[in-house]
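These notes are about the structure you will find just below.
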Amino acid sequence: MKIKISTFKSRLQHSLAFESETNEFISAIEKQLGYPLELSDLEDYTCDLKLIFIQTGGSEGLFLENFDKLQEPYYLLTNGGNNSLAASLEILSYLNTQNKKGEILHGSISYIAHRIKTLAKINHAIHILNHSKLGIVGKPSDWLISSIPNYEKLKNLFGISLIDIPLSNLEEKATRPHFSNLNLKEYKSYSEEEMRKSISIYDALEEIIREHNLNGVTLRCFDLLKSLKGTGCLALAELNKKGWIGTCEGDIMAMVTMCIVKGLTGKSSFQANPSRINVENNSIIFAHCTLPFDMVDQYKLDTHFESGIGVAIKGELKTGKVTVFRISSDLKHYFVSSGILMNNLNESNLCRTQVNIKLDHPVTELLKTPCGNHHIIFYGDYENLIRQFMNTILKD
């Protein structure tokens with residue numbers, strides 16, 4: 001992470017110990033962070049996080065004089081000495097009256113360093129999302145009646161651009177002879193005919209991604225069962241493994257949620273249906289026919305659950321801590337919970353990859369105020385980071 005810092009201090013005479021105290025404060029933060037704070041000009045915001053160090057009281061007027069050089073949100077760092085906290089409170093109070101976002105970073109060195117790391121991750125993700133473009137290949141599936149956001153509102157909130165791409169574009173590309181980036185020998189033994197169909201769908205999706213300079217796609221995959229007699233499950237598993245976002249059924253909000261996860265954590269994530277909820281155990285069984293290949297060490301290929309044709313992936317996910325996340329299409333609500341992936345299942349009446357997750361947040365929320373169908377699952381406990389990110393975005 002690149003963290004830059006600019007300073008304000010009054011023009012008054014300061015004690016002889018002022019500089020050494022300031023240097024000790026900054027050095028202690030850098031030691032906790034594990035990387036340096038780079039001193040920069042006020043206008044310099046080419047970084048993951050910009051801090052404004054209010055070193056002394058009497059800095060308020062200087063802050064106001066240079067206000068047009070600074071950018072929102074305003075993160076005011078203070079060590080508590082030389083009336084720096086008092087000045088920071090006055091400045092933040094002024095920012096609040098101007099409806100500007102800001103925060104004072106004050107407290108123990110460990111708290112300040114932890115907060116800096118969190119804010120840097122959030123700002124880094126916001127920067128990534130502001131440069132993200134996602135494609136909808138075909139319309140969302142007919143049954144996703146609550147998963148289509150307002151494109152302009154999504155752009156304004158998250159910075160993500162959406163582009164509609166006709167499914168016929170993919171279908172034409174998939175039937176065109178061309179050299180594939182994937183090799184049949186890389187996969188476990190399966191029907192060569194079905195594998196070639198799946199690989200052609202992957203090739204078409206990658207071509208579309210490169211043509212439109214996309215960061216990911218969502219695919220109206222069920223229509224391909226008729227038009228190409230194949231499935232998109234393997235293609236999406238490969239796209240996610242290679243660092244792009246790939247989601248099923250034209251679910252835009254699943255794609256957006258996965259994009260946020262990637263921006264915040266760098267991790268791939270699993271789009272899945274909540275199949276059964278156990279209120280007594282506070283657990284959910286999730287299932288789907290595709291998942292990123294980089295999330296599993298073991299998998300086998302099978303037919304697609306609903307159609308009984310094509311190629312689907314039955315993966316064995318690792319047990320342990322996970323996070324479950326989903327944003328609503330009105331862009332006002334979200335569900336997030338950490339939990340424990342207890343075990344994988346092998347039931348005949350569910351999609352191929354099946355996991356049982358015990359959540360830390362009450363599962364009854366999904367039975368009362370759900371945010372949609374598919375939820376996004378990824379390794380690690382990121383509930384607090386997700387909440388802080390979403391609260392930053394939805395603060396207004």
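Numbering starts fresh at 1 for the residues of each chain in the structure tokens, the chains themselves are lettered A, B, ... in the order given, and ligands are numbered from 1 as they appear.
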
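For segment 52-163 of chain A, backbone-based DSSP assignment of strand (DSSP E or B) covers Ile52, Phe53, Ile54, Tyr74, Tyr75, Leu76, Leu77, Gly102, Glu103, Ile104, Leu105, Lys133, Leu134, Gly135, Ile136, Val137, Ser161, Leu162 and Ile163 of chain A.
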
Residues from the last selection, N, CA, C and O atoms, saved as a PDB file, in the first residue's frame:
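Resulting contents of again-v7.pdb:
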ATOM      1  N   ILE A  52      -3.898  13.740   6.292  1.00  0.00           N
ATOM      2  CA  ILE A  52      -3.618  15.132   6.600  1.00  0.00           C
ATOM      3  C   ILE A  52      -3.235  15.187   8.077  1.00  0.00           C
ATOM      4  O   ILE A  52      -4.084  14.986   8.955  1.00  0.00           O
ATOM      5  N   PHE A  53      -1.948  15.399   8.344  1.00  0.00           N
ATOM      6  CA  PHE A  53      -1.449  15.413   9.726  1.00  0.00           C
ATOM      7  C   PHE A  53      -1.624  16.817  10.303  1.00  0.00           C
ATOM      8  O   PHE A  53      -0.936  17.757   9.919  1.00  0.00           O
ATOM      9  N   ILE A  54      -2.580  16.946  11.224  1.00  0.00           N
ATOM     10  CA  ILE A  54      -2.794  18.204  11.935  1.00  0.00           C
ATOM     11  C   ILE A  54      -1.862  18.179  13.139  1.00  0.00           C
ATOM     12  O   ILE A  54      -2.146  17.551  14.159  1.00  0.00           O
ATOM     13  N   TYR A  74     -11.525  13.340   3.959  1.00  0.00           N
ATOM     14  CA  TYR A  74     -10.428  13.993   4.654  1.00  0.00           C
ATOM     15  C   TYR A  74     -10.070  13.178   5.906  1.00  0.00           C
ATOM     16  O   TYR A  74     -10.850  13.126   6.862  1.00  0.00           O
ATOM     17  N   TYR A  75      -8.905  12.555   5.891  1.00  0.00           N
ATOM     18  CA  TYR A  75      -8.471  11.745   7.021  1.00  0.00           C
ATOM     19  C   TYR A  75      -7.442  12.539   7.814  1.00  0.00           C
ATOM     20  O   TYR A  75      -6.311  12.755   7.358  1.00  0.00           O
ATOM     21  N   LEU A  76      -7.854  12.999   8.998  1.00  0.00           N
ATOM     22  CA  LEU A  76      -7.058  13.910   9.822  1.00  0.00           C
ATOM     23  C   LEU A  76      -6.298  13.111  10.872  1.00  0.00           C
ATOM     24  O   LEU A  76      -6.898  12.535  11.789  1.00  0.00           O
ATOM     25  N   LEU A  77      -4.991  13.079  10.769  1.00  0.00           N
ATOM     26  CA  LEU A  77      -4.142  12.356  11.712  1.00  0.00           C
ATOM     27  C   LEU A  77      -3.718  13.302  12.826  1.00  0.00           C
ATOM     28  O   LEU A  77      -3.318  14.444  12.567  1.00  0.00           O
ATOM     29  N   GLY A 102     -15.213  12.838   6.320  1.00  0.00           N
ATOM     30  CA  GLY A 102     -13.916  12.913   6.973  1.00  0.00           C
ATOM     31  C   GLY A 102     -13.886  12.077   8.231  1.00  0.00           C
ATOM     32  O   GLY A 102     -14.916  11.587   8.701  1.00  0.00           O
ATOM     33  N   GLU A 103     -12.686  11.919   8.804  1.00  0.00           N
ATOM     34  CA  GLU A 103     -12.521  11.134  10.020  1.00  0.00           C
ATOM     35  C   GLU A 103     -11.217  11.543  10.684  1.00  0.00           C
ATOM     36  O   GLU A 103     -10.225  11.848  10.012  1.00  0.00           O
ATOM     37  N   ILE A 104     -11.225  11.561  12.013  1.00  0.00           N
ATOM     38  CA  ILE A 104     -10.008  11.834  12.776  1.00  0.00           C
ATOM     39  C   ILE A 104      -9.374  10.504  13.162  1.00  0.00           C
ATOM     40  O   ILE A 104     -10.046   9.627  13.723  1.00  0.00           O
ATOM     41  N   LEU A 105      -8.102  10.336  12.867  1.00  0.00           N
ATOM     42  CA  LEU A 105      -7.349   9.138  13.245  1.00  0.00           C
ATOM     43  C   LEU A 105      -6.569   9.480  14.510  1.00  0.00           C
ATOM     44  O   LEU A 105      -5.541  10.165  14.462  1.00  0.00           O
ATOM     45  N   LYS A 133     -15.136  -2.157 -15.635  1.00  0.00           N
ATOM     46  CA  LYS A 133     -16.218  -2.248 -16.627  1.00  0.00           C
ATOM     47  C   LYS A 133     -16.629  -3.707 -16.735  1.00  0.00           C
ATOM     48  O   LYS A 133     -15.797  -4.580 -16.983  1.00  0.00           O
ATOM     49  N   LEU A 134     -17.914  -3.974 -16.544  1.00  0.00           N
ATOM     50  CA  LEU A 134     -18.439  -5.334 -16.526  1.00  0.00           C
ATOM     51  C   LEU A 134     -19.468  -5.516 -17.633  1.00  0.00           C
ATOM     52  O   LEU A 134     -20.244  -4.598 -17.927  1.00  0.00           O
ATOM     53  N   GLY A 135     -19.481  -6.694 -18.233  1.00  0.00           N
ATOM     54  CA  GLY A 135     -20.381  -6.977 -19.340  1.00  0.00           C
ATOM     55  C   GLY A 135     -21.514  -7.910 -18.961  1.00  0.00           C
ATOM     56  O   GLY A 135     -21.321  -8.862 -18.205  1.00  0.00           O
ATOM     57  N   ILE A 136     -22.705  -7.633 -19.500  1.00  0.00           N
ATOM     58  CA  ILE A 136     -23.859  -8.525 -19.351  1.00  0.00           C
ATOM     59  C   ILE A 136     -24.075  -9.195 -20.702  1.00  0.00           C
ATOM     60  O   ILE A 136     -24.559  -8.563 -21.641  1.00  0.00           O
ATOM     61  N   VAL A 137     -23.666 -10.452 -20.802  1.00  0.00           N
ATOM     62  CA  VAL A 137     -23.761 -11.182 -22.063  1.00  0.00           C
ATOM     63  C   VAL A 137     -25.118 -11.880 -22.109  1.00  0.00           C
ATOM     64  O   VAL A 137     -25.322 -12.931 -21.509  1.00  0.00           O
ATOM     65  N   SER A 161     -18.926   0.542 -14.397  1.00  0.00           N
ATOM     66  CA  SER A 161     -19.670   0.715 -15.648  1.00  0.00           C
ATOM     67  C   SER A 161     -20.181  -0.635 -16.130  1.00  0.00           C
ATOM     68  O   SER A 161     -19.454  -1.638 -16.068  1.00  0.00           O
ATOM     69  N   LEU A 162     -21.424  -0.666 -16.610  1.00  0.00           N
ATOM     70  CA  LEU A 162     -22.023  -1.877 -17.163  1.00  0.00           C
ATOM     71  C   LEU A 162     -22.248  -1.699 -18.652  1.00  0.00           C
ATOM     72  O   LEU A 162     -22.620  -0.615 -19.110  1.00  0.00           O
ATOM     73  N   ILE A 163     -22.029  -2.766 -19.401  1.00  0.00           N
ATOM     74  CA  ILE A 163     -22.255  -2.746 -20.847  1.00  0.00           C
ATOM     75  C   ILE A 163     -23.029  -3.984 -21.248  1.00  0.00           C
ATOM     76  O   ILE A 163     -22.700  -5.104 -20.833  1.00  0.00           O
TER      77      ILE A 163
END

Excluding His106 of chain A and any residue of its chain fewer than 3 positions from it, enumerate the residues within 9 Å of it, using only C-alpha atoms, and give them as a list in words.
->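 Using only C-alpha atoms, the neighbours found are Leu76, Leu77, Thr78, Asn79, Gly80, Leu85, Ile109, Tyr111 and Ile112 of chain A.
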
Determine, counting only C-alpha atoms, which protein, DNA and RNA residues have an atom within 6 Å of an atom of segment 87-97 of chain A; residues of the same chain fewer than 3 positions away are not included. Present the result as a PyMOL selection string.
-> chain A and resi 57+84+100

Shell around segment 265-272 of chain A at 6 Å using only C-alpha atoms, local window under 3 positions removed, as a list of chain:residue names |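 Counting only C-alpha atoms, the residues come to A:Val261, A:Lys262, A:Phe286, A:Ala287, A:His288, A:Leu291, A:His374, A:His375, A:Ile376, A:Ile377, A:Phe378.
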
Selection file, N, CA, C and O atoms, as a PDB file, in the first residue's frame:
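Output (out04.pdb):
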ATOM      1  N   VAL A 261     -15.698  -7.844  -3.860  1.00  0.00           N
ATOM      2  CA  VAL A 261     -14.861  -8.796  -3.115  1.00  0.00           C
ATOM      3  C   VAL A 261     -13.448  -8.824  -3.692  1.00  0.00           C
ATOM      4  O   VAL A 261     -12.451  -8.780  -2.955  1.00  0.00           O
ATOM      5  N   LYS A 262     -13.347  -8.889  -5.011  1.00  0.00           N
ATOM      6  CA  LYS A 262     -12.033  -8.922  -5.670  1.00  0.00           C
ATOM      7  C   LYS A 262     -11.260  -7.638  -5.379  1.00  0.00           C
ATOM      8  O   LYS A 262     -10.058  -7.671  -5.089  1.00  0.00           O
ATOM      9  N   PHE A 286     -25.398 -24.126   0.581  1.00  0.00           N
ATOM     10  CA  PHE A 286     -25.265 -23.417  -0.683  1.00  0.00           C
ATOM     11  C   PHE A 286     -24.840 -24.400  -1.761  1.00  0.00           C
ATOM     12  O   PHE A 286     -24.060 -25.325  -1.496  1.00  0.00           O
ATOM     13  N   ALA A 287     -25.323 -24.175  -2.989  1.00  0.00           N
ATOM     14  CA  ALA A 287     -24.946 -25.083  -4.074  1.00  0.00           C
ATOM     15  C   ALA A 287     -24.960 -24.357  -5.411  1.00  0.00           C
ATOM     16  O   ALA A 287     -25.760 -23.432  -5.623  1.00  0.00           O
ATOM     17  N   HIS A 288     -24.066 -24.759  -6.314  1.00  0.00           N
ATOM     18  CA  HIS A 288     -24.064 -24.293  -7.691  1.00  0.00           C
ATOM     19  C   HIS A 288     -23.209 -25.213  -8.540  1.00  0.00           C
ATOM     20  O   HIS A 288     -22.451 -26.025  -8.016  1.00  0.00           O
ATOM     21  N   LEU A 291     -17.666 -23.010  -9.921  1.00  0.00           N
ATOM     22  CA  LEU A 291     -16.951 -22.221  -8.927  1.00  0.00           C
ATOM     23  C   LEU A 291     -15.537 -22.000  -9.450  1.00  0.00           C
ATOM     24  O   LEU A 291     -15.075 -22.741 -10.330  1.00  0.00           O
ATOM     25  N   HIS A 374     -28.717 -15.480  -5.481  1.00  0.00           N
ATOM     26  CA  HIS A 374     -27.330 -15.910  -5.356  1.00  0.00           C
ATOM     27  C   HIS A 374     -26.576 -15.101  -4.299  1.00  0.00           C
ATOM     28  O   HIS A 374     -26.700 -13.885  -4.233  1.00  0.00           O
ATOM     29  N   HIS A 375     -25.770 -15.813  -3.511  1.00  0.00           N
ATOM     30  CA  HIS A 375     -24.880 -15.166  -2.556  1.00  0.00           C
ATOM     31  C   HIS A 375     -23.432 -15.512  -2.926  1.00  0.00           C
ATOM     32  O   HIS A 375     -23.171 -16.512  -3.600  1.00  0.00           O
ATOM     33  N   ILE A 376     -22.520 -14.675  -2.472  1.00  0.00           N
ATOM     34  CA  ILE A 376     -21.121 -14.812  -2.830  1.00  0.00           C
ATOM     35  C   ILE A 376     -20.335 -15.267  -1.610  1.00  0.00           C
ATOM     36  O   ILE A 376     -20.424 -14.652  -0.537  1.00  0.00           O
ATOM     37  N   ILE A 377     -19.552 -16.336  -1.772  1.00  0.00           N
ATOM     38  CA  ILE A 377     -18.823 -16.952  -0.673  1.00  0.00           C
ATOM     39  C   ILE A 377     -17.331 -16.898  -0.987  1.00  0.00           C
ATOM     40  O   ILE A 377     -16.911 -17.228  -2.099  1.00  0.00           O
ATOM     41  N   PHE A 378     -16.534 -16.484  -0.001  1.00  0.00           N
ATOM     42  CA  PHE A 378     -15.094 -16.466  -0.212  1.00  0.00           C
ATOM     43  C   PHE A 378     -14.374 -16.757   1.100  1.00  0.00           C
ATOM     44  O   PHE A 378     -14.925 -16.588   2.190  1.00  0.00           O
TER      45      PHE A 378
END

Pick out the closest residue to Ala120 of chain A from this set: A:Ile260, A:Cys47, A:Ile252, A:Leu205. Count only C-alpha atoms.
-> A:Cys47

Smallest atom-to-atom distance to Cys233 of chain A: which of A:Leu264, A:Leu167, A:Val296, A:Val311, using only C-alpha atoms?
->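 The shortest atom-to-atom distance to Cys233 of chain A comes from A:Val311.
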
Long-range neighbours of Cys289 of chain A as a list in words, 6 Å cut-off, only C-alpha atoms, 6 positions minimum in chain = Ala312, Ile313, Cys351, Arg352 and Thr353 of chain A

Closest to Asn373 of chain A among A:Ser275, A:Ser338, A:Asn150, A:Asn181, using only C-alpha atoms?
-> A:Ser275

Option closest in space to Lys242 of chain A, from A:Asp294, A:Lys197, A:Ile285, A:Val217 [counting only C-alpha atoms] =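 Of A:Asp294, A:Lys197, A:Ile285, A:Val217, the one nearest Lys242 of chain A, counting only C-alpha atoms, is A:Asp294.
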
Of the candidates A:Glu347, A:Glu192, A:Asp48, A:Glu152, which shows the shortest atom-to-atom distance to Asn123 of chain A, using only C-alpha atoms?
-> A:Asp48

Would you kindly return, as a count of residues only, each protein, DNA or RNA residue with an atom no farther than 10 Å from any atom of Met253 of chain A, considering only C-alpha atoms and excluding same-chain residues fewer than 5 positions away?
-> 19

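The gap separating atom CA of Gly263 of chain A from atom CA of Arg210 of chain A is 19.6 Å, in Å to one decimal.
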
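The residue that comes closest to Asp203 of chain A, out of A:Leu341, A:Ala174, A:Ile122, A:Ile145 and on the basis of only C-alpha atoms, is A:Ala174.
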